[in-house]
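Listing of coords07.txt, compact mmCIF, C-alpha atoms
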```txt
# COMPACT_ATOMS: atom_id res chain seq x y z
CA MET A 1 -15.22 8.09 28.05
CA THR A 2 -13.92 9.76 31.26
CA LYS A 3 -11.71 6.76 31.93
CA MET A 4 -10.28 6.92 28.42
CA LYS A 5 -9.64 10.65 28.53
CA MET A 6 -7.80 10.29 31.82
CA LYS A 7 -5.61 7.58 30.40
CA ILE A 8 -4.55 9.74 27.45
CA ALA A 9 -4.13 12.85 29.53
CA THR A 10 -1.77 10.87 31.76
CA VAL A 11 0.39 9.95 28.78
CA PHE A 12 1.29 13.51 28.02
CA GLU A 13 1.01 14.95 31.49
CA SER A 14 3.69 12.57 32.62
CA ASP A 15 5.93 13.47 29.72
CA PRO A 16 5.29 16.88 28.13
CA LYS A 17 8.64 16.76 26.30
CA ILE A 18 7.48 13.94 24.06
CA GLU A 19 4.31 15.85 23.24
CA LYS A 20 6.42 18.80 22.13
CA LYS A 21 8.68 16.58 20.05
CA CYS A 22 5.77 14.83 18.35
CA ASN A 23 4.03 18.11 17.57
CA GLU A 24 7.16 19.55 16.00
CA PHE A 25 7.52 16.41 13.93
CA PHE A 26 3.93 16.60 12.68
CA ASP A 27 4.49 20.30 11.83
CA MET A 28 7.24 19.12 9.48
CA VAL A 29 4.95 16.59 7.79
CA GLY A 30 2.32 19.30 7.26
CA GLN A 31 4.92 21.72 5.86
CA SER A 32 6.31 19.08 3.58
CA ALA A 33 2.85 18.52 2.09
CA LEU A 34 2.43 22.24 1.38
CA VAL A 35 5.89 22.43 -0.17
CA CYS A 36 4.93 19.53 -2.40
CA LEU A 37 1.78 21.26 -3.66
CA ARG A 38 3.57 24.55 -4.36
CA GLY A 39 6.44 22.66 -6.01
CA VAL A 40 4.16 20.79 -8.42
CA GLN A 41 2.27 24.02 -9.20
CA CYS A 42 5.55 25.76 -10.09
CA TYR A 43 6.71 22.80 -12.17
CA LEU A 44 3.49 22.79 -14.17
CA GLU A 45 3.77 26.57 -14.68
CA LYS A 46 7.34 25.93 -15.92
CA ASP A 47 8.78 28.07 -13.15
CA PHE A 48 11.68 25.67 -12.72
CA THR A 49 13.91 27.92 -10.60
CA VAL A 50 11.28 28.23 -7.90
CA PHE A 51 10.42 24.53 -8.29
CA GLU A 52 14.05 23.63 -7.51
CA GLU A 53 13.85 25.76 -4.36
CA TYR A 54 10.83 23.75 -3.22
CA ALA A 55 12.56 20.47 -4.11
CA GLU A 56 15.51 21.58 -1.97
CA GLN A 57 13.13 22.51 0.84
CA ALA A 58 11.46 19.05 0.65
CA LYS A 59 14.92 17.44 0.85
CA ASN A 60 15.88 19.54 3.90
CA LEU A 61 12.60 18.77 5.63
CA GLU A 62 13.06 15.06 5.02
CA GLU A 63 16.59 15.10 6.43
CA LYS A 64 15.54 17.17 9.43
CA ALA A 65 12.54 14.89 10.04
CA ASP A 66 14.73 11.77 9.91
CA GLU A 67 17.09 13.20 12.48
CA PHE A 68 14.21 14.38 14.60
CA ARG A 69 12.46 11.01 14.45
CA ARG A 70 15.60 9.11 15.46
CA ASP A 71 16.15 11.52 18.32
CA ALA A 72 12.52 11.14 19.46
CA GLU A 73 12.78 7.36 19.17
CA SER A 74 15.91 7.11 21.26
CA TYR A 75 14.32 9.47 23.79
CA LEU A 76 11.22 7.23 23.86
CA TYR A 77 13.32 4.22 24.81
CA THR A 78 15.84 5.80 27.14
CA GLU A 79 14.13 8.57 29.04
CA THR A 80 10.44 8.38 28.44
CA LEU A 81 7.89 8.14 31.15
CA ILE A 82 5.32 6.51 28.87
CA PRO A 83 6.65 2.98 28.35
CA GLU A 84 3.15 1.54 27.82
CA SER A 85 2.56 3.58 24.67
CA ARG A 86 6.01 4.05 23.21
CA GLY A 87 5.59 1.23 20.67
CA ASP A 88 2.51 2.94 19.28
CA VAL A 89 4.09 6.41 19.28
CA LEU A 90 7.15 4.98 17.54
CA SER A 91 5.06 3.36 14.84
CA LEU A 92 3.10 6.60 14.28
CA LEU A 93 6.33 8.54 13.85
CA GLU A 94 7.67 6.01 11.36
CA ASN A 95 4.47 5.99 9.33
CA ALA A 96 4.38 9.80 9.30
CA ASP A 97 8.01 9.79 8.22
CA ASN A 98 7.08 7.59 5.24
CA ILE A 99 4.86 10.44 4.00
CA ILE A 100 7.74 12.94 4.06
CA ASP A 101 10.00 10.37 2.37
CA GLN A 102 7.48 9.85 -0.43
CA ILE A 103 7.09 13.60 -0.99
CA ARG A 104 10.82 14.11 -1.15
CA MET A 105 11.23 11.15 -3.50
CA MET A 106 8.51 12.45 -5.81
CA MET A 107 9.96 16.00 -5.94
CA LEU A 108 13.42 14.57 -6.59
CA ALA A 109 12.06 12.46 -9.45
CA PHE A 110 10.55 15.61 -11.03
CA SER A 111 13.87 17.39 -10.62
CA ILE A 112 15.95 14.56 -12.11
CA GLU A 113 13.68 13.28 -14.87
CA GLN A 114 11.98 16.56 -15.88
CA PRO A 115 8.89 14.85 -17.31
CA GLU A 116 7.13 16.67 -20.09
CA ILE A 117 3.53 17.12 -18.93
CA PRO A 118 1.31 18.02 -21.90
CA GLN A 119 -0.87 21.10 -21.43
CA ASN A 120 -4.08 19.04 -21.42
CA PHE A 121 -2.88 17.06 -18.37
CA GLN A 122 -1.79 19.97 -16.18
CA VAL A 123 -5.10 20.46 -14.39
CA ASP A 124 -5.34 16.70 -13.79
CA PHE A 125 -1.90 16.52 -12.21
CA LEU A 126 -2.58 19.55 -10.02
CA ASP A 127 -5.90 18.12 -8.94
CA LEU A 128 -4.30 14.79 -8.02
CA THR A 129 -1.57 16.53 -6.02
CA SER A 130 -4.15 18.67 -4.17
CA LYS A 131 -6.13 15.59 -3.14
CA CYS A 132 -3.02 13.82 -1.88
CA VAL A 133 -1.88 16.88 0.05
CA GLU A 134 -5.33 17.27 1.56
CA SER A 135 -5.29 13.64 2.72
CA VAL A 136 -1.96 14.30 4.45
CA ASP A 137 -3.39 17.40 6.10
CA GLU A 138 -6.38 15.43 7.41
CA VAL A 139 -4.29 12.54 8.70
CA ILE A 140 -1.97 14.91 10.55
CA GLN A 141 -5.01 16.48 12.15
CA ALA A 142 -6.16 13.00 13.19
CA THR A 143 -2.72 12.23 14.61
CA ARG A 144 -2.75 15.36 16.74
CA MET A 145 -6.22 14.41 17.95
CA PHE A 146 -4.98 10.96 18.85
CA PHE A 147 -2.63 12.55 21.36
CA THR A 148 -5.19 14.93 22.83
CA ASP A 149 -8.59 13.29 22.48
CA PRO A 150 -8.59 9.86 20.78
CA SER A 151 -12.37 9.63 20.89
CA LYS A 152 -12.51 12.25 18.11
CA VAL A 153 -10.13 10.39 15.81
CA LYS A 154 -12.98 8.31 14.39
CA MET A 155 -14.61 11.48 13.07
CA VAL A 156 -11.58 12.52 11.01
CA LEU A 157 -10.38 9.16 9.65
CA PRO A 158 -13.27 8.64 7.18
CA ARG A 159 -12.21 11.92 5.56
CA VAL A 160 -8.67 10.56 5.02
CA TYR A 161 -10.04 7.35 3.51
CA SER A 162 -12.39 9.23 1.24
CA LEU A 163 -9.61 11.56 0.00
CA GLU A 164 -7.35 8.58 -0.63
CA LYS A 165 -10.09 6.96 -2.72
CA GLU A 166 -10.61 10.20 -4.65
CA ALA A 167 -6.87 10.40 -5.31
CA ASP A 168 -6.93 6.80 -6.58
CA LYS A 169 -9.82 7.60 -8.90
CA GLN A 170 -8.10 10.72 -10.18
CA ALA A 171 -4.86 8.78 -10.78
CA GLU A 172 -6.76 6.09 -12.65
CA ALA A 173 -8.51 8.71 -14.78
CA ILE A 174 -5.19 10.37 -15.68
CA LYS A 175 -3.63 7.04 -16.65
CA ARG A 176 -6.64 6.09 -18.79
CA LYS A 177 -6.45 9.47 -20.53
CA VAL A 178 -2.69 9.11 -21.04
CA TYR A 179 -2.96 5.62 -22.56
CA ARG A 180 -5.70 6.76 -24.89
CA SER A 181 -3.88 9.85 -26.19
CA GLU A 182 -2.71 8.90 -29.62
CA GLU A 183 -0.25 11.77 -29.94
CA ILE A 184 1.76 10.46 -26.96
CA THR A 185 4.37 7.75 -27.58
CA LEU A 186 4.47 4.61 -25.42
CA SER A 187 7.68 5.69 -23.66
CA HIS A 188 6.09 9.05 -22.83
CA ARG A 189 2.97 7.29 -21.53
CA ILE A 190 5.08 5.10 -19.26
CA HIS A 191 6.84 8.21 -17.96
CA LEU A 192 3.57 10.01 -17.19
CA ARG A 193 2.16 6.90 -15.52
CA TYR A 194 5.26 6.72 -13.28
CA PHE A 195 4.69 10.27 -12.02
CA THR A 196 0.98 9.73 -11.53
CA THR A 197 1.68 6.62 -9.43
CA ASN A 198 4.29 8.43 -7.36
CA ILE A 199 2.03 11.36 -6.54
CA ASP A 200 -0.82 8.98 -5.70
CA LEU A 201 1.48 7.08 -3.34
CA ILE A 202 1.48 10.11 -1.00
CA ALA A 203 -2.23 9.52 -0.28
CA ASP A 204 -1.52 5.78 0.20
CA ARG A 205 1.08 6.65 2.84
CA ALA A 206 -1.49 8.91 4.54
CA GLU A 207 -3.94 5.99 4.52
CA ASP A 208 -1.33 3.70 6.14
CA LEU A 209 -0.92 6.22 8.95
CA ALA A 210 -4.71 6.50 9.30
CA ASP A 211 -4.96 2.70 9.68
CA ARG A 212 -2.42 2.77 12.51
CA ILE A 213 -4.10 5.69 14.29
CA GLY A 214 -7.48 3.93 14.05
CA ILE A 215 -6.13 0.85 15.86
CA TYR A 216 -4.17 2.79 18.48
CA ALA A 217 -7.14 5.02 19.26
CA ILE A 218 -9.29 1.93 19.87
CA LYS A 219 -6.57 0.45 22.08
CA ARG A 220 -6.60 3.61 24.21
CA MET A 221 -10.36 3.68 24.52
CA TYR A 222 -10.97 0.07 25.60
CA MET B 223 -5.05 -25.10 20.40
CA SER B 224 -7.07 -23.04 17.89
CA ILE B 225 -6.48 -19.28 17.91
CA PHE B 226 -10.24 -18.81 18.04
CA SER B 227 -11.14 -21.22 20.79
CA ARG B 228 -13.46 -18.62 22.35
CA THR B 229 -14.44 -16.38 19.46
CA LYS B 230 -16.45 -18.23 16.84
CA SER B 231 -17.89 -15.19 15.04
CA LEU B 232 -14.42 -13.80 14.48
CA GLU B 233 -13.31 -17.15 13.13
CA LYS B 234 -16.17 -17.05 10.66
CA GLN B 235 -15.22 -13.57 9.47
CA CYS B 236 -11.60 -14.60 9.02
CA GLU B 237 -12.75 -17.58 6.97
CA GLU B 238 -14.79 -15.24 4.81
CA PHE B 239 -11.77 -12.97 4.34
CA LEU B 240 -9.72 -15.98 3.20
CA ASP B 241 -12.52 -17.02 0.80
CA ILE B 242 -12.31 -13.53 -0.73
CA THR B 243 -8.56 -14.00 -1.19
CA ASN B 244 -9.12 -17.32 -2.98
CA GLU B 245 -11.81 -15.86 -5.17
CA SER B 246 -9.58 -12.89 -6.12
CA THR B 247 -6.90 -15.16 -7.56
CA GLN B 248 -9.48 -17.13 -9.55
CA ILE B 249 -10.84 -13.89 -11.02
CA LEU B 250 -7.34 -12.66 -11.71
CA LEU B 251 -6.61 -15.81 -13.72
CA ARG B 252 -9.81 -15.50 -15.71
CA GLY B 253 -9.13 -11.79 -16.20
CA VAL B 254 -5.67 -12.35 -17.67
CA GLU B 255 -6.96 -15.14 -19.91
CA THR B 256 -9.89 -13.08 -21.24
CA TYR B 257 -7.63 -10.06 -21.83
CA LEU B 258 -5.13 -12.11 -23.82
CA SER B 259 -7.83 -13.73 -25.90
CA GLY B 260 -9.30 -10.30 -26.68
CA LYS B 261 -12.66 -10.93 -24.95
CA MET B 262 -12.82 -7.42 -23.57
CA THR B 263 -16.40 -7.52 -22.27
CA ASP B 264 -15.63 -10.62 -20.22
CA PHE B 265 -12.41 -9.02 -19.09
CA GLU B 266 -14.16 -5.86 -17.84
CA GLU B 267 -16.67 -8.07 -16.03
CA ASN B 268 -13.83 -9.77 -14.19
CA LEU B 269 -12.32 -6.40 -13.39
CA ASN B 270 -15.58 -5.16 -11.88
CA LYS B 271 -15.86 -8.34 -9.81
CA ILE B 272 -12.34 -7.99 -8.41
CA VAL B 273 -12.83 -4.29 -7.63
CA SER B 274 -15.92 -5.05 -5.57
CA LEU B 275 -14.21 -8.05 -3.90
CA GLU B 276 -11.27 -5.88 -2.91
CA SER B 277 -13.53 -3.29 -1.41
CA ARG B 278 -15.45 -6.00 0.52
CA GLY B 279 -12.12 -7.39 1.73
CA ASP B 280 -11.04 -3.94 2.99
CA ALA B 281 -14.27 -3.42 4.91
CA LEU B 282 -14.14 -6.92 6.38
CA ARG B 283 -10.50 -6.51 7.43
CA ARG B 284 -11.20 -3.22 9.20
CA ASP B 285 -14.20 -4.76 10.90
CA ILE B 286 -12.18 -7.74 12.15
CA GLU B 287 -9.41 -5.45 13.36
CA ASN B 288 -11.86 -3.27 15.26
CA GLN B 289 -13.38 -6.31 16.91
CA LEU B 290 -9.98 -7.62 17.90
CA TYR B 291 -9.38 -4.46 19.89
CA THR B 292 -12.82 -3.30 21.02
CA GLU B 293 -13.91 -6.69 22.29
CA THR B 294 -10.43 -7.53 23.59
CA LEU B 295 -10.53 -10.83 21.78
CA ILE B 296 -7.46 -13.07 21.67
CA PRO B 297 -5.32 -10.32 23.31
CA GLU B 298 -2.21 -12.54 23.26
CA SER B 299 -2.19 -12.81 19.48
CA ARG B 300 -4.10 -9.81 18.15
CA GLY B 301 -0.93 -7.98 17.06
CA ASP B 302 0.04 -11.02 15.00
CA MET B 303 -3.49 -11.33 13.62
CA LEU B 304 -3.49 -7.67 12.63
CA ALA B 305 -0.24 -7.99 10.69
CA LEU B 306 -1.42 -11.23 9.11
CA LEU B 307 -4.69 -9.69 7.88
CA GLU B 308 -2.92 -6.64 6.49
CA ASN B 309 -0.43 -8.80 4.62
CA ILE B 310 -3.19 -10.98 3.16
CA ASP B 311 -5.03 -7.82 2.15
CA ASN B 312 -1.91 -6.80 0.19
CA ILE B 313 -2.40 -9.93 -1.95
CA ILE B 314 -6.01 -9.01 -2.80
CA ASN B 315 -4.92 -5.43 -3.57
CA GLN B 316 -2.20 -6.68 -5.86
CA ALA B 317 -4.59 -9.00 -7.74
CA LYS B 318 -6.96 -6.08 -8.30
CA GLN B 319 -4.09 -3.81 -9.27
CA ILE B 320 -2.94 -6.17 -12.02
CA LEU B 321 -6.34 -6.30 -13.76
CA MET B 322 -6.78 -2.56 -13.28
CA GLU B 323 -3.46 -1.93 -15.00
CA PHE B 324 -4.42 -4.15 -17.93
CA SER B 325 -7.65 -2.17 -18.23
CA VAL B 326 -5.97 1.26 -17.96
CA GLU B 327 -2.85 0.66 -20.05
CA ILE B 328 -4.19 -1.86 -22.58
CA PRO B 329 -0.71 -3.34 -23.22
CA ARG B 330 -0.13 -4.97 -26.59
CA VAL B 331 0.98 -8.50 -25.74
CA PRO B 332 2.30 -10.34 -28.81
CA GLU B 333 0.78 -13.79 -29.19
CA GLN B 334 4.08 -15.59 -28.69
CA PHE B 335 4.06 -14.44 -25.05
CA HIS B 336 0.47 -15.36 -24.18
CA VAL B 337 1.29 -18.81 -22.77
CA ASP B 338 4.10 -17.30 -20.68
CA TYR B 339 1.80 -14.71 -19.10
CA ILE B 340 -0.83 -17.34 -18.36
CA LYS B 341 1.73 -19.67 -16.78
CA LEU B 342 3.12 -16.82 -14.70
CA SER B 343 -0.38 -15.93 -13.49
CA GLN B 344 -1.08 -19.57 -12.66
CA HIS B 345 2.13 -19.97 -10.62
CA SER B 346 1.46 -16.75 -8.72
CA ALA B 347 -2.15 -17.80 -8.06
CA LYS B 348 -0.92 -21.18 -6.83
CA ALA B 349 1.40 -19.48 -4.32
CA VAL B 350 -1.61 -17.52 -3.02
CA ASP B 351 -3.83 -20.62 -2.85
CA GLU B 352 -1.19 -22.42 -0.82
CA VAL B 353 -0.73 -19.52 1.58
CA VAL B 354 -4.49 -19.42 2.14
CA ILE B 355 -4.35 -23.13 3.01
CA SER B 356 -1.45 -22.40 5.41
CA THR B 357 -3.37 -19.57 7.04
CA ARG B 358 -6.45 -21.72 7.54
CA ALA B 359 -4.23 -24.42 9.07
CA PHE B 360 -2.56 -21.82 11.30
CA LEU B 361 -5.88 -20.61 12.67
CA VAL B 362 -6.91 -24.12 13.63
CA ASP B 363 -3.59 -25.64 14.63
CA PRO B 364 -0.79 -23.04 14.71
CA LEU B 365 1.95 -25.60 15.16
CA ASN B 366 1.12 -27.55 12.04
CA VAL B 367 1.72 -25.32 9.02
CA ARG B 368 5.23 -26.24 7.94
CA HIS B 369 4.14 -28.60 5.18
CA SER B 370 1.92 -26.09 3.38
CA LEU B 371 4.42 -23.25 3.86
CA ASN B 372 6.96 -25.19 1.84
CA LYS B 373 4.49 -25.28 -1.05
CA VAL B 374 4.10 -21.48 -0.93
CA TYR B 375 7.87 -21.07 -1.22
CA PHE B 376 7.94 -23.60 -4.06
CA TRP B 377 5.31 -21.78 -6.15
CA GLU B 378 6.80 -18.38 -5.42
CA HIS B 379 10.10 -19.69 -6.75
CA GLU B 380 8.35 -21.09 -9.83
CA ALA B 381 6.72 -17.70 -10.46
CA ASP B 382 10.14 -16.02 -10.18
CA ARG B 383 11.61 -18.44 -12.71
CA GLN B 384 8.74 -18.05 -15.12
CA SER B 385 8.90 -14.27 -14.85
CA GLU B 386 12.63 -14.21 -15.46
CA SER B 387 12.33 -16.43 -18.51
CA LEU B 388 9.50 -14.27 -19.88
CA LYS B 389 11.52 -11.08 -19.43
CA ARG B 390 14.59 -12.62 -21.06
CA LYS B 391 12.45 -13.64 -24.02
CA VAL B 392 10.91 -10.16 -24.30
CA PHE B 393 14.26 -8.35 -24.17
CA ARG B 394 15.67 -10.67 -26.84
CA THR B 395 12.88 -10.02 -29.32
CA PRO B 396 14.38 -7.60 -31.88
CA GLU B 397 11.08 -6.61 -33.48
CA LEU B 398 9.88 -4.99 -30.22
CA GLU B 399 10.60 -1.33 -29.40
CA LEU B 400 12.45 -0.69 -26.13
CA SER B 401 9.36 1.05 -24.71
CA GLU B 402 7.28 -2.04 -25.54
CA LYS B 403 9.81 -4.22 -23.76
CA PHE B 404 9.54 -1.97 -20.69
CA HIS B 405 5.78 -2.19 -20.84
CA LEU B 406 5.76 -5.99 -21.08
CA ARG B 407 8.34 -6.25 -18.30
CA TYR B 408 6.16 -4.03 -16.07
CA PHE B 409 3.23 -6.43 -16.40
CA ALA B 410 5.36 -9.52 -15.78
CA LEU B 411 6.78 -7.86 -12.68
CA HIS B 412 3.37 -7.00 -11.28
CA ILE B 413 1.96 -10.49 -11.77
CA GLU B 414 5.06 -11.93 -10.10
CA LEU B 415 4.61 -9.47 -7.20
CA MET B 416 1.43 -11.28 -6.20
CA ALA B 417 3.52 -14.39 -5.41
CA ASP B 418 5.97 -12.21 -3.46
CA LYS B 419 3.10 -10.93 -1.33
CA ALA B 420 2.06 -14.54 -0.67
CA GLU B 421 5.62 -15.24 0.41
CA ASP B 422 5.47 -12.28 2.85
CA VAL B 423 2.43 -13.86 4.49
CA ALA B 424 4.20 -17.24 4.64
CA ASP B 425 7.21 -15.63 6.35
CA ARG B 426 4.95 -14.16 9.01
CA LEU B 427 3.16 -17.45 9.56
CA ALA B 428 6.52 -19.17 10.03
CA ILE B 429 7.51 -16.65 12.72
CA TYR B 430 4.17 -16.89 14.53
CA THR B 431 4.45 -20.68 14.56
CA ILE B 432 7.88 -20.46 16.18
CA LYS B 433 6.57 -17.90 18.72
CA ARG B 434 3.75 -20.25 19.68
CA SER B 435 5.98 -23.29 19.98
CA ILE B 436 8.28 -21.65 22.56
```
Can the structure in the file be given as structure tokens, please?
Amino acid sequence: MTKMKMKIATVFESDPKIEKKCNEFFDMVGQSALVCLRGVQCYLEKDFTVFEEYAEQAKNLEEKADEFRRDAESYLYTETLIPESRGDVLSLLENADNIIDQIRMMMLAFSIEQPEIPQNFQVDFLDLTSKCVESVDEVIQATRMFFTDPSKVKMVLPRVYSLEKEADKQAEAIKRKVYRSEEITLSHRIHLRYFTTNIDLIADRAEDLADRIGIYAIKRMY
Amino acid sequence: MSIFSRTKSLEKQCEEFLDITNESTQILLRGVETYLSGKMTDFEENLNKIVSLESRGDALRRDIENQLYTETLIPESRGDMLALLENIDNIINQAKQILMEFSVEIPRVPEQFHVDYIKLSQHSAKAVDEVVISTRAFLVDPLNVRHSLNKVYFWEHEADRQSESLKRKVFRTPELELSEKFHLRYFALHIELMADKAEDVADRLAIYTIKRSI
């Protein structure tokens, strides 16, 4: 344990700039998840003006995060003092970026396609979004832990996996309900399924990041 | 030389993971057939089987991955093994996903398309079977997989052709609504995707073989 802690401490002690960069990047992922939840809430409440503000915010965060990630990546390869872990850090940044991309894509799809969500599905959609956002929150927490104390990562990851499973179950339940609602036409069902899948994909992206962190944490410890 | 020359228990677990992959495609085939013939109880039974197989596959994959790193086994190829396992896992996930979608969305598949859907499922399953054979060969003798890889590419191509012909037929059937055409296309696409995932694994195997031959 002491040996492992020293190894990790050395990573950031030798290069505090990269720690700062990574933390700012993960702040953006966390913010993006909150923007997504508020955006979907507003959409369901038919507050479309405020929804569009959140969609714009998700777009800006995604663009800023892309720029930030590229900058961090080029820094990792040109100036970093942690060559032994830069491949892992790079992969974590890219996987975290996939979460922001998915959130932006989902918000944009709402903005463009303006799906009509029947009243009796509103709670379901909000519930699904909350679970996905929570899984992102947990995985970001695990990522921060990976940089400070990888031995604790194992305690947080099961939470991410369990939230991802709950999101899957919720998405499946929504789709079953949609396809069994006789008052909804087939084209409308397909549209609702598309949005359910796209929200659920946020939790899948969080799970991908969790898988990477799990492996990298083990690599650091042994 | 075998990848697992010093790690027999890991080899056994990988074999088990590949058995799960094989079994998934068999269940997928039976699932599609029972759905199309309207035997819904049998269909749901196949769905339950594939759901539990997928979950066993996930647990086994994570266990193998942990062992690769905690016990510093085959350090020279563990990155490749990790990517290989994750890509094979994508095949099992896709097989489960297809049956789950049939169960959730209960698509109406007109009888004139039944044979096409079965053929498409068979071609996709064949691509997976061949890639499992390639992977087994790779684990034992990494330099000798070329022959079976060609078969994966062949069946993936056959699945593509079958899927295209099915979609053309669907979109040229005037008595179907546009939304029904979309729905039928969605299912064709997802069955075909299973062959694409097998091709992804084959591409990786091809690269690892080259890496090992240099």
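Comparing A:Leu108, A:Ser74, A:Arg189, A:Lys169 by their smallest distance to Phe51 of chain A, the closest is A:Leu108 (using all atoms listed in the file).
For the pair atom CA of Glu56 of chain A and atom CA of Leu209 of chain A, the interatomic distance is 25.0 Å.
Ranking B:Asp241, B:Asp422, B:Asp264, B:Asp280 by their shortest atom-to-atom distance to chain A, with all atoms listed in the file included, puts B:Asp280 first.
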Can you pull out the residues contacting Asp200 of chain A? Cut-off 8 Å, using all atoms listed in the file, and skip same-chain residues under 4 positions away; I want them as a ChimeraX atom specification. /A:128-129,132,167-168,171,196,204
Distance query segment 384-394 of chain B at most 7 Å, only C-alpha atoms, self and fewer than 3 positions along chain excluded, as a ChimeraX atom specification: /B:338,342,380-381,403,407,410,414
Using only C-alpha atoms, select each residue of chain B with any atom at most 8 Å away from an atom of chain A, and give the selection as a ChimeraX atom specification. /B:287-288,291-292,294,326-328,401-402,405
So, with only C-alpha atoms as the atoms that count, which of A:Asn60, A:Ser181, A:Ser111, A:Thr143 lies closest to Leu92 of chain A? A:Thr143
Could you check how far atom CA of Glu134 of chain A sits from atom CA of Gly39 of chain A, in Å to one decimal? 15.0 Å
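Going from atom CA of Ile249 of chain B to atom CA of Ala317 of chain B covers 8.6 Å.
Among the candidate residues B:Ala347, B:Val337, B:Leu321, B:Cys236, the one lying nearest to Gln248 of chain B is B:Ala347, with distances computed using only C-alpha atoms.
Excluding Leu34 of chain A itself and any same-chain residue fewer than 3 positions from it, the protein and nucleic acid residues within 12 Å of it, counting only C-alpha atoms, are Asp27, Met28, Val29, Gly30, Gln31, Leu37, Arg38, Gly39, Val40, Gln41, Tyr54, Ala55, Gln57, Ala58, Leu61, Ile100, Ile103, Arg104, Thr129, Ser130, Lys131, Cys132, Val133, Glu134, Ser135, Val136 and Asp137 of chain A.
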Selected residue of minimal separation from Val89 of chain A among A:Asp208, A:Glu19, A:Glu116, A:Glu67, counting all atoms listed in the file: A:Glu19
